[in-house]
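Heads up, data16.txt below (compact mmCIF, C-alpha atoms):
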```
# COMPACT_ATOMS: atom_id res chain seq x y z
CA MET A 1 0.00 0.00 0.00
CA SER A 2 1.45 3.37 -1.00
CA ARG A 3 1.74 6.19 1.51
CA HIS A 4 -0.89 8.33 -0.23
CA GLN A 5 -3.34 5.52 -0.26
CA LEU A 6 -2.73 4.77 3.39
CA ILE A 7 -3.45 8.40 4.28
CA LEU A 8 -6.59 8.40 2.17
CA PHE A 9 -7.78 5.14 3.72
CA SER A 10 -7.09 6.46 7.22
CA ILE A 11 -9.04 9.68 6.58
CA LEU A 12 -12.04 7.80 5.19
CA PHE A 13 -11.85 5.25 8.00
CA ILE A 14 -11.84 7.99 10.64
CA ILE A 15 -14.77 9.82 9.03
CA SER A 16 -16.78 6.58 8.89
CA THR A 17 -16.05 5.53 12.44
CA THR A 18 -16.73 8.96 13.95
CA THR A 19 -20.25 8.95 12.55
CA LEU A 20 -21.03 5.51 13.98
CA PRO A 21 -21.33 6.29 17.72
CA LEU A 22 -23.43 9.43 17.15
CA SER A 23 -27.00 9.39 18.44
CA GLU A 24 -29.89 8.89 16.03
CA GLN A 25 -30.94 12.53 16.45
CA VAL A 26 -27.51 13.82 15.47
CA LYS A 27 -27.25 11.38 12.55
CA LEU A 28 -30.60 12.55 11.20
CA GLN A 29 -29.58 16.20 11.56
CA LEU A 30 -26.30 15.48 9.82
CA ALA A 31 -27.92 13.46 7.04
CA ALA A 32 -30.67 15.98 6.21
CA PRO A 33 -28.55 18.59 4.36
CA LEU A 34 -26.33 15.94 2.77
CA SER A 35 -29.34 13.97 1.63
CA SER A 36 -31.03 17.00 0.07
CA VAL A 37 -27.94 17.63 -2.08
CA LEU A 38 -26.55 14.15 -2.83
CA LEU A 39 -29.85 12.34 -3.24
CA PHE A 40 -31.46 15.16 -5.23
CA PRO A 41 -31.39 13.27 -8.60
CA VAL A 42 -32.82 10.10 -7.06
CA LYS A 43 -35.51 11.95 -5.13
CA THR A 44 -36.53 14.02 -8.15
CA THR A 45 -36.80 10.92 -10.36
CA THR A 46 -38.73 8.98 -7.71
CA GLN A 47 -41.12 11.87 -7.16
CA PHE A 48 -41.68 12.17 -10.92
CA LEU A 49 -42.41 8.44 -11.23
CA GLN A 50 -44.79 8.63 -8.27
CA PHE A 51 -46.50 11.60 -9.92
CA LEU A 52 -46.92 9.57 -13.14
CA THR A 53 -48.37 6.60 -11.22
CA VAL A 54 -50.81 8.85 -9.36
CA SER A 55 -51.75 10.61 -12.61
CA ASN A 56 -52.37 7.29 -14.31
CA THR A 57 -54.67 6.17 -11.49
CA ARG A 58 -56.45 9.52 -11.61
CA ILE A 59 -56.92 9.26 -15.40
CA THR A 60 -58.44 5.79 -14.98
CA GLU A 61 -60.83 7.09 -12.33
CA LEU A 62 -61.79 10.07 -14.50
CA GLU A 63 -62.33 7.88 -17.57
CA THR A 64 -64.71 5.71 -15.55
CA VAL A 65 -66.59 8.80 -14.40
CA VAL A 66 -66.74 10.22 -17.94
CA ASN A 67 -68.13 6.94 -19.28
CA GLN A 68 -70.74 6.81 -16.55
CA LEU A 69 -71.70 10.44 -17.15
CA GLN A 70 -71.97 9.89 -20.90
CA LEU A 71 -74.40 7.02 -20.35
CA GLU A 72 -76.34 9.03 -17.78
CA ASN A 73 -76.33 12.09 -20.05
CA ALA A 74 -77.74 10.12 -22.96
CA GLU A 75 -80.51 8.80 -20.76
CA LEU A 76 -81.34 12.28 -19.49
CA LYS A 77 -81.34 13.68 -23.04
CA LYS A 78 -83.83 11.06 -24.06
CA ARG A 79 -86.02 11.87 -21.09
CA ILE A 80 -86.03 15.57 -21.89
CA LEU A 81 -86.66 15.21 -25.62
CA ARG A 82 -89.06 12.33 -25.85
CA ASP A 83 -89.82 10.34 -22.78
CA THR A 84 -90.81 12.63 -19.94
CA THR A 85 -92.92 10.04 -18.18
CA ASP A 86 -90.03 7.73 -17.29
CA PHE A 87 -88.58 9.01 -14.06
CA LYS A 88 -86.06 6.28 -13.48
CA THR A 89 -82.29 6.54 -13.38
CA THR A 90 -79.94 3.77 -14.41
CA LYS A 91 -76.53 3.57 -12.75
CA TYR A 92 -73.88 1.57 -14.55
CA LYS A 93 -70.99 -0.21 -12.92
CA LEU A 94 -67.90 -0.24 -15.10
CA LEU A 95 -65.01 -2.64 -14.90
CA ARG A 96 -61.70 -1.59 -16.45
CA ALA A 97 -60.08 -4.34 -18.51
CA GLN A 98 -56.62 -4.15 -20.01
CA ILE A 99 -56.17 -5.35 -23.60
CA ILE A 100 -53.64 -8.16 -23.46
CA GLY A 101 -53.84 -9.43 -27.02
CA ARG A 102 -55.44 -9.30 -30.42
CA ASP A 103 -56.46 -11.94 -32.90
CA PRO A 104 -53.61 -11.98 -35.44
CA LEU A 105 -55.99 -13.05 -38.22
CA ASN A 106 -58.48 -10.29 -37.44
CA ILE A 107 -56.48 -7.70 -35.58
CA ASN A 108 -59.28 -5.22 -34.96
CA GLY A 109 -62.06 -7.79 -34.85
CA TYR A 110 -61.30 -9.45 -31.55
CA LEU A 111 -59.57 -8.14 -28.45
CA TYR A 112 -58.28 -10.25 -25.58
CA VAL A 113 -58.78 -8.59 -22.19
CA ASP A 114 -57.38 -9.48 -18.79
CA LYS A 115 -60.70 -10.03 -16.99
CA GLY A 116 -62.73 -13.24 -17.02
CA GLN A 117 -64.85 -15.55 -14.92
CA LYS A 118 -62.94 -14.53 -11.80
CA GLN A 119 -64.36 -11.03 -12.22
CA GLN A 120 -67.79 -12.55 -12.93
CA LEU A 121 -67.88 -11.52 -16.57
CA TYR A 122 -70.29 -13.27 -18.89
CA VAL A 123 -70.93 -13.51 -22.61
CA ASN A 124 -72.61 -10.53 -24.33
CA GLN A 125 -71.60 -7.90 -21.78
CA PRO A 126 -71.03 -4.61 -23.63
CA ALA A 127 -67.56 -3.10 -23.82
CA ILE A 128 -67.05 0.63 -24.21
CA SER A 129 -64.25 3.15 -24.15
CA ILE A 130 -63.98 6.86 -23.60
CA ASN A 131 -64.87 7.44 -27.27
CA GLY A 132 -67.86 5.13 -27.47
CA LEU A 133 -68.90 1.56 -28.20
CA VAL A 134 -66.16 -1.04 -28.58
CA GLY A 135 -68.19 -4.26 -28.80
CA LYS A 136 -69.40 -7.12 -26.66
CA ILE A 137 -67.89 -10.10 -24.92
CA LYS A 138 -67.87 -13.16 -27.13
CA TYR A 139 -66.07 -15.66 -24.91
CA VAL A 140 -65.20 -15.74 -21.21
CA GLY A 141 -62.23 -17.71 -19.90
CA VAL A 142 -61.14 -18.03 -16.28
CA LYS A 143 -58.69 -15.13 -16.37
CA TYR A 144 -59.36 -13.55 -19.75
CA SER A 145 -62.17 -12.78 -22.18
CA ILE A 146 -62.51 -12.13 -25.88
CA VAL A 147 -64.31 -9.00 -26.99
CA GLU A 148 -65.91 -8.91 -30.43
CA THR A 149 -65.56 -5.35 -31.69
CA ILE A 150 -67.67 -3.23 -34.01
CA GLU A 151 -64.87 -3.71 -36.57
CA ASN A 152 -65.64 -7.43 -36.83
CA LYS A 153 -67.55 -8.39 -39.96
CA GLY A 154 -71.13 -9.27 -39.13
CA PHE A 155 -71.30 -7.22 -35.95
CA THR A 156 -74.71 -5.58 -35.57
CA VAL A 157 -76.29 -3.22 -33.08
CA SER A 158 -79.51 -1.26 -33.07
CA ALA A 159 -78.88 2.46 -33.30
CA ILE A 160 -80.47 5.87 -33.47
CA ASP A 161 -79.55 9.18 -35.05
CA VAL A 162 -79.95 11.49 -32.07
CA ASN A 163 -80.46 14.61 -34.19
CA THR A 164 -83.37 13.26 -36.20
CA GLY A 165 -84.56 10.33 -34.08
CA VAL A 166 -84.32 7.89 -37.00
CA HIS A 167 -83.79 4.28 -35.93
CA GLY A 168 -81.74 1.74 -37.83
CA ILE A 169 -79.21 -1.05 -37.50
CA ILE A 170 -75.46 -0.57 -37.52
CA LYS A 171 -73.77 -3.39 -39.45
CA LYS A 172 -70.16 -4.05 -40.16
CA ARG A 173 -69.57 -5.19 -43.71
CA ASP A 174 -66.63 -3.75 -45.59
CA ASN A 175 -67.50 -0.47 -43.89
CA LEU A 176 -69.61 0.39 -40.91
CA ILE A 177 -73.10 0.98 -42.29
CA PHE A 178 -76.22 2.46 -40.72
CA ASP A 179 -78.75 0.20 -42.41
CA PHE A 180 -82.51 0.15 -42.93
CA ILE A 181 -82.77 3.92 -43.34
CA ARG A 182 -85.52 4.76 -45.75
CA ILE A 183 -84.80 6.98 -48.73
CA ASN A 184 -87.09 9.68 -47.34
CA ASP A 185 -85.59 9.66 -43.82
CA GLU A 186 -83.65 12.76 -42.87
CA ILE A 187 -80.00 12.03 -42.06
CA ASN A 188 -77.20 14.58 -42.21
CA ILE A 189 -73.46 14.25 -42.57
CA GLY A 190 -71.85 14.50 -39.13
CA ASP A 191 -74.90 13.27 -37.20
CA ALA A 192 -74.01 11.32 -34.09
CA ILE A 193 -75.24 7.74 -34.02
CA TYR A 194 -75.88 6.22 -30.60
CA THR A 195 -77.10 2.82 -29.43
CA SER A 196 -80.87 2.95 -29.27
CA GLY A 197 -81.34 0.62 -26.31
CA MET A 198 -83.60 -1.68 -28.33
CA SER A 199 -81.41 -4.58 -27.43
CA GLU A 200 -80.93 -7.00 -24.58
CA ILE A 201 -77.20 -6.43 -24.77
CA PHE A 202 -76.42 -2.76 -25.28
CA PRO A 203 -77.89 0.00 -23.13
CA GLU A 204 -79.00 3.15 -24.92
CA GLY A 205 -76.84 6.21 -25.31
CA ILE A 206 -73.44 4.80 -26.21
CA LEU A 207 -71.81 6.68 -29.08
CA ILE A 208 -71.15 4.42 -32.06
CA GLY A 209 -69.89 6.97 -34.57
CA ARG A 210 -70.78 9.79 -36.92
CA VAL A 211 -72.31 9.86 -40.37
CA LYS A 212 -69.53 10.05 -42.96
CA LYS A 213 -71.26 9.57 -46.29
CA ILE A 214 -74.80 9.11 -47.57
CA GLU A 215 -75.23 7.25 -50.85
CA ARG A 216 -78.14 7.01 -53.21
CA GLY A 217 -77.98 3.26 -53.67
CA ASN A 218 -79.87 1.06 -56.11
CA HIS A 219 -82.19 -0.17 -53.41
CA LEU A 220 -85.82 0.74 -53.80
CA PHE A 221 -86.52 1.59 -50.17
CA PHE A 222 -83.30 2.06 -48.21
CA LYS A 223 -80.18 4.17 -48.64
CA PRO A 224 -76.75 3.05 -47.41
CA ILE A 225 -75.22 5.39 -44.84
CA PHE A 226 -71.55 5.09 -44.00
CA ILE A 227 -70.38 5.66 -40.45
CA THR A 228 -66.99 6.65 -39.03
CA PRO A 229 -66.64 4.76 -35.75
CA GLY A 230 -66.13 6.86 -32.62
CA VAL A 231 -63.56 4.40 -31.32
CA GLN A 232 -60.30 3.64 -33.07
CA ILE A 233 -59.92 -0.01 -32.15
CA ASN A 234 -56.26 -0.21 -33.14
CA ARG A 235 -55.38 2.54 -30.65
CA LEU A 236 -57.13 1.06 -27.63
CA THR A 237 -55.12 -0.09 -24.65
CA HIS A 238 -58.02 -0.81 -22.34
CA VAL A 239 -61.80 -1.02 -22.38
CA TYR A 240 -64.58 -0.70 -19.83
CA ILE A 241 -67.00 -3.57 -19.41
CA ILE A 242 -70.48 -2.55 -18.34
CA SER A 243 -70.75 -5.12 -15.60
CA ASP A 244 -73.90 -4.15 -13.79
CA SER A 245 -76.76 -1.70 -13.91
CA THR A 246 -79.23 -0.74 -11.21
CA ILE A 247 -82.44 1.06 -12.04
CA THR A 248 -83.68 3.41 -9.34
CA ALA A 249 -86.45 5.97 -9.23
CA SER A 250 -84.90 9.40 -9.36
CA GLU A 251 -85.09 11.27 -6.04
CA LYS A 252 -85.99 14.45 -7.90
CA TYR A 253 -89.24 13.05 -9.28
CA LYS A 254 -90.41 11.03 -6.28
CA MET B 255 -15.64 10.46 -18.80
CA LYS B 256 -15.45 6.90 -17.48
CA TYR B 257 -15.60 8.15 -13.89
CA ILE B 258 -18.66 10.28 -14.63
CA LEU B 259 -20.35 7.20 -16.08
CA TYR B 260 -19.54 5.31 -12.87
CA ILE B 261 -21.24 8.05 -10.84
CA VAL B 262 -24.26 7.98 -13.17
CA LEU B 263 -24.49 4.20 -12.78
CA LEU B 264 -24.25 4.62 -9.03
CA TYR B 265 -27.33 6.85 -9.06
CA VAL B 266 -29.16 4.55 -11.49
CA PHE B 267 -28.49 1.48 -9.34
CA LEU B 268 -29.24 3.14 -6.02
CA PRO B 269 -33.06 2.79 -5.99
CA PHE B 270 -32.83 -0.95 -6.83
CA ASN B 271 -30.40 -1.67 -4.00
CA PRO B 272 -32.96 -3.09 -1.52
CA TYR B 273 -33.98 -5.74 -4.09
CA ILE B 274 -30.74 -6.53 -5.92
CA ASP B 275 -27.39 -5.43 -4.54
CA LEU B 276 -26.23 -3.78 -7.74
CA MET B 277 -24.06 -1.38 -5.76
CA ALA B 278 -21.98 -4.26 -4.41
CA ILE B 279 -21.50 -5.55 -7.97
CA LEU B 280 -20.54 -2.09 -9.25
CA ILE B 281 -18.10 -1.43 -6.41
CA PHE B 282 -16.59 -4.89 -6.86
CA PHE B 283 -16.19 -4.27 -10.59
CA ILE B 284 -14.52 -0.89 -10.04
CA ALA B 285 -12.31 -2.28 -7.28
CA PHE B 286 -11.15 -4.95 -9.69
CA GLN B 287 -10.53 -2.71 -12.69
CA GLU B 288 -9.77 0.85 -11.64
CA ASP B 289 -7.20 2.98 -9.90
CA ASP B 290 -6.90 2.19 -6.17
CA ARG B 291 -7.44 5.71 -4.87
CA PHE B 292 -10.48 6.29 -7.02
CA VAL B 293 -11.93 2.96 -5.85
CA LEU B 294 -11.54 3.97 -2.19
CA LEU B 295 -13.23 7.34 -2.75
CA PHE B 296 -15.94 5.76 -4.86
CA SER B 297 -16.74 3.06 -2.32
CA PHE B 298 -16.86 5.69 0.43
CA PHE B 299 -19.24 7.82 -1.64
CA ALA B 300 -21.42 4.81 -2.53
CA GLY B 301 -21.56 3.83 1.15
CA LEU B 302 -22.50 7.38 2.05
CA LEU B 303 -25.37 7.41 -0.48
CA ILE B 304 -26.72 4.09 0.84
CA ASP B 305 -26.44 5.40 4.40
CA LEU B 306 -28.29 8.58 3.47
CA TYR B 307 -31.19 6.39 2.39
CA TYR B 308 -31.32 5.07 5.96
CA PRO B 309 -29.63 7.86 8.00
CA VAL B 310 -30.14 6.05 11.32
CA VAL B 311 -27.24 3.75 10.40
CA LEU B 312 -25.08 6.57 9.00
CA GLY B 313 -21.47 5.43 8.68
CA ILE B 314 -21.90 1.67 8.62
CA ASN B 315 -21.99 1.17 4.85
CA MET B 316 -19.15 3.63 4.34
CA LEU B 317 -17.02 1.74 6.85
CA ILE B 318 -17.84 -1.74 5.52
CA TYR B 319 -17.25 -0.76 1.92
CA ILE B 320 -13.91 0.99 2.45
CA ILE B 321 -12.58 -1.92 4.54
CA LEU B 322 -13.77 -4.56 2.07
CA VAL B 323 -12.53 -2.58 -0.93
CA GLN B 324 -9.14 -1.99 0.68
CA THR B 325 -8.89 -5.74 1.36
CA LEU B 326 -9.87 -6.47 -2.24
CA ILE B 327 -7.27 -4.00 -3.55
CA TYR B 328 -4.67 -5.75 -1.44
CA ILE B 329 -5.48 -9.33 -2.47
CA LYS B 330 -6.24 -8.77 -6.15
CA ARG B 331 -2.52 -8.71 -6.97
CA TYR B 332 -2.07 -12.22 -5.61
CA ILE B 333 -4.95 -14.05 -7.26
CA VAL B 334 -5.47 -15.70 -10.61
CA HIS B 335 -7.90 -13.59 -12.62
CA SER B 336 -10.20 -16.25 -14.03
CA PRO B 337 -14.02 -16.07 -14.18
CA VAL B 338 -14.47 -18.72 -11.48
CA VAL B 339 -12.02 -17.02 -9.10
CA VAL B 340 -13.63 -13.63 -9.72
CA PHE B 341 -17.04 -15.10 -8.97
CA ALA B 342 -15.76 -16.80 -5.81
CA ILE B 343 -14.14 -13.58 -4.58
CA PHE B 344 -17.30 -11.62 -5.29
CA MET B 345 -19.30 -14.14 -3.26
CA SER B 346 -16.86 -13.76 -0.36
CA PHE B 347 -16.98 -9.97 -0.69
CA TYR B 348 -20.80 -9.88 -0.86
CA LEU B 349 -21.49 -12.47 1.84
CA THR B 350 -18.98 -10.85 4.21
CA LYS B 351 -20.82 -7.58 3.77
CA ILE B 352 -24.19 -9.27 4.40
CA VAL B 353 -22.92 -11.08 7.50
CA ILE B 354 -21.33 -7.94 8.98
CA MET B 355 -24.55 -5.99 8.41
CA HIS B 356 -26.50 -8.81 10.02
CA LEU B 357 -24.20 -9.01 13.03
CA ILE B 358 -23.88 -5.27 13.66
CA LEU B 359 -27.34 -4.04 12.76
CA SER B 360 -29.35 -7.29 13.06
CA ALA B 361 -30.38 -6.60 9.46
CA PRO B 362 -32.64 -9.40 8.19
CA LEU B 363 -31.08 -11.87 5.77
CA VAL B 364 -33.20 -11.55 2.64
CA ILE B 365 -32.46 -14.86 0.94
CA GLN B 366 -34.31 -13.86 -2.25
CA SER B 367 -32.15 -10.74 -2.67
CA ILE B 368 -28.96 -12.73 -2.03
CA ILE B 369 -29.91 -15.35 -4.63
CA ILE B 370 -30.90 -12.76 -7.25
CA THR B 371 -27.70 -10.78 -6.70
CA THR B 372 -25.65 -13.97 -7.05
CA ILE B 373 -27.45 -14.89 -10.27
CA VAL B 374 -27.16 -11.46 -11.88
CA PHE B 375 -23.53 -10.89 -10.87
CA SER B 376 -21.91 -12.58 -13.88
CA PRO B 377 -24.14 -11.00 -16.58
CA ILE B 378 -23.78 -7.53 -15.04
CA PHE B 379 -20.02 -7.93 -14.61
CA ILE B 380 -19.74 -8.93 -18.27
CA LEU B 381 -21.99 -6.05 -19.37
CA LEU B 382 -19.94 -3.55 -17.36
CA ASN B 383 -16.80 -4.90 -19.02
CA ARG B 384 -18.44 -4.43 -22.39
CA LEU B 385 -19.61 -0.93 -21.51
CA PHE B 386 -16.30 0.35 -20.14
CA TYR B 387 -13.69 -1.72 -21.96
CA LYS B 388 -15.50 -2.68 -25.21
CA ARG B 389 -14.98 -6.38 -24.60
CA TRP B 390 -17.09 -8.93 -22.83
CA ILE B 391 -14.49 -10.34 -20.48
CA LYS B 392 -11.51 -8.42 -19.10
CA ILE B 393 -9.87 -10.21 -16.24
```

As a first step, turn the structure in this file into structure tokens.
Amino acid sequence: MSRHQLILFSILFIISTTTLPLSEQVKLQLAAPLSSVLLFPVKTTTQFLQFLTVSNTRITELETVVNQLQLENAELKKRILRDTTDFKTTKYKLLRAQIIGRDPLNINGYLYVDKGQKQQLYVNQPAISINGLVGKIKYVGVKYSIVETIENKGFTVSAIDVNTGVHGIIKKRDNLIFDFIRINDEINIGDAIYTSGMSEIFPEGILIGRVKKIERGNHLFFKPIFITPGVQINRLTHVYIISDSTITASEKYK
Amino acid sequence: MKYILYIVLLYVFLPFNPYIDLMAILIFFIAFQEDDRFVLLFSFFAGLLIDLYYPVVLGINMLIYIILVQTLIYIKRYIVHSPVVVFAIFMSFYLTKIVIMHLILSAPLVIQSIIITTIVFSPIFILLNRLFYKRWIKI
């Protein structure tokens, strides 16, 4: 060992040993200023990561609330515009499910989610996202489920144009089509199409999409109407399963 | 530049220390490869950072690391530098540290952490070699 190294080792050894017998109070007082300087990068990074985690949780909570409010809003709209005799409120319970896979043969047609029988899911439960209807559960495994999306060929759902009140059926063929709309029915480009509630599966008031194009087809009675879906299936990372609904008489109208 | 990278790695490894003793691996690597005086200062600084995480035991990690590193500096001249020997010396270095901590502070022996650290030692040692010396094994 060289002389310089011996001196260095001795100095470091003395510093280390002198701090050992100090009382806890003194050690904490000594550590506080050192910690604030030396651990600054670690603390800043940790705080930032904690902030991101908290933000993520908050976003999930807010998305759930937004979805619930959208459903409630649609129901209230209907009550105001058409059905003023129904004084009942439906409260939906939403379950967040992470997308864990996609069908490689039909990448936007089926989504695999991380909730299944353990979370008491069952076939035909509707799946939604912040931007509207995603689809319905097609298969339930123990720990996962398969969601059939509106992008899957053959998917159908009863729908309504909220601006004009025209009912029809949304069908997925090559495009998403609002079908069974008579030639004389008034439909405008940009109209929002919602689920009509005339279904045992889907509650009313979930946004499906907006009218993109209206064609004068060859059909004698109906005109094909093309819809842009509200949800972009290939961008989804999670969905909300409408797991339960309770219908209660509104306090306001009792 | 290399020394700055060591300090950066020290800060990167610090939060993972309760789960995998990456600091012990890093200090061992530096003690094996770098200048003796730098190693002593580095091990003191690393010990100080760990102690600042748990200020109640301020001084203990600094002391253990400088003594172990000084011992390592002393014996490394007399040993055959082969992968097996390096691994065996690391195990002695690491387990001595664990045992001293256990005896002095009654720190719990986290078997899972010890096993993981033992498993990841060789890959991390090789990666550090690659990162700092552009070759997978330098012994």

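Between B:Tyr307 and the residues A:Leu22, A:Gln117, A:Ala32, A:Ile11, the shortest atom-to-atom distance, using all atoms listed in the file, involves A:Ala32.
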
Could you list, as a VMD selection string, every residue within 7 Å of A:Asn67, counting only C-alpha atoms and ignoring same-chain residues fewer than 4 positions away? chain A and resid 63 71 130

Contact check, chain B to chain A, at most 7 Å, counting all atoms listed in the file, closest pairs as a tab-separated table:
```
residue	atom	partner	partner_atom	distance
B:Tyr265	CA	A:Val42	CA	6.7
B:Arg291	CA	A:Gln5	CA	6.2
B:Leu306	CA	A:Ser35	CA	5.8
B:Pro309	CA	A:Leu28	CA	5.8
B:Val310	CA	A:Glu24	CA	5.5
B:Leu312	CA	A:Lys27	CA	6.4
B:Gly313	CA	A:Ser16	CA	4.8
B:Ile314	CA	A:Leu20	CA	6.7
B:Met316	CA	A:Ser16	CA	5.9
B:Leu317	CA	A:Ser16	CA	5.3
```

Emit the selected residues as an mmCIF file, in the frame of the given file, including C-alpha atoms.
```cif
data_model
loop_
_atom_site.group_PDB
_atom_site.id
_atom_site.type_symbol
_atom_site.label_atom_id
_atom_site.label_comp_id
_atom_site.auth_asym_id
_atom_site.auth_seq_id
_atom_site.Cartn_x
_atom_site.Cartn_y
_atom_site.Cartn_z
ATOM 1 C CA TYR B 265 -27.330 6.850 -9.060
ATOM 2 C CA ARG B 291 -7.440 5.710 -4.870
ATOM 3 C CA LEU B 306 -28.290 8.580 3.470
ATOM 4 C CA PRO B 309 -29.630 7.860 8.000
ATOM 5 C CA VAL B 310 -30.140 6.050 11.320
ATOM 6 C CA LEU B 312 -25.080 6.570 9.000
ATOM 7 C CA GLY B 313 -21.470 5.430 8.680
ATOM 8 C CA ILE B 314 -21.900 1.670 8.620
ATOM 9 C CA MET B 316 -19.150 3.630 4.340
ATOM 10 C CA LEU B 317 -17.020 1.740 6.850
#
```

Select all residues near (-58.9, -7.9, -28.7) (cut-off 8 Å, inclusive, file coordinates), counting all atoms listed in the file, and output them as a ChimeraX atom specification. /A:99-103,107-113,146-149

Select all residues near (-78.3, 6.4, -45.0) (cut-off 10 Å, inclusive, file coordinates), counting only C-alpha atoms, and output them as a ChimeraX atom specification. /A:168,177-189,211-217,222-227

Of the candidates B:Phe375, B:Tyr260, B:Phe347, B:Phe386, which one gets nearest to B:Phe292 if we count all atoms listed in the file? B:Tyr260

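When atom CA of B:Thr371 is paired with atom CA of B:Asp275, their separation reads 5.8 Å.
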
What gap, in Å, lies between atom CA of A:Glu151 and atom CA of A:Gly197? 19.9 Å

Determine the nearest neighbour of B:Lys256 from the options B:Leu268, B:Ile284, B:Ile391, B:Ala342, counting all atoms listed in the file.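 Of B:Leu268, B:Ile284, B:Ile391, B:Ala342, the one nearest B:Lys256, counting all atoms listed in the file, is B:Ile284.
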
Between atom CA of A:Asp114 and atom CA of A:Arg173, distance in Å (one decimal): 28.1 Å

Padded axis-aligned box of stretch 291-301 of chain B (8 Å per side), centre and edge lengths, Å, one decimal, as lines of an AutoDock Vina configuration file:
```
center_x = -14.5
center_y = 5.4
center_z = -2.9
size_x = 30.1
size_y = 20.9
size_z = 24.2
```

Out of B:Phe296, B:Tyr319, B:Tyr257, B:Phe379, which residue has the shortest atom-to-atom distance to B:Phe341 when counting all atoms listed in the file?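 The answer is B:Phe379, which sits nearest to B:Phe341.
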
With a distance cut-off of 10 Å and all atoms listed in the file, select the neighbouring residues of stretch 359-364 of chain B, excluding the residue or stretch itself and same-chain residues fewer than 4 positions from it, and output the selection as a ChimeraX atom specification. /B:272-273,311,314,352-355,368-369

Within 10 Å of B:Lys330, counting only C-alpha atoms, which residues qualify if same-chain residues fewer than 4 places away don't, as a ChimeraX atom specification? /B:285-287,325-326,334-335,340,343

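Distances to A:Lys138 were evaluated for A:Ile201, A:Ala192, A:Leu95, A:Ala159 using only C-alpha atoms, and the minimum falls at A:Ile201.
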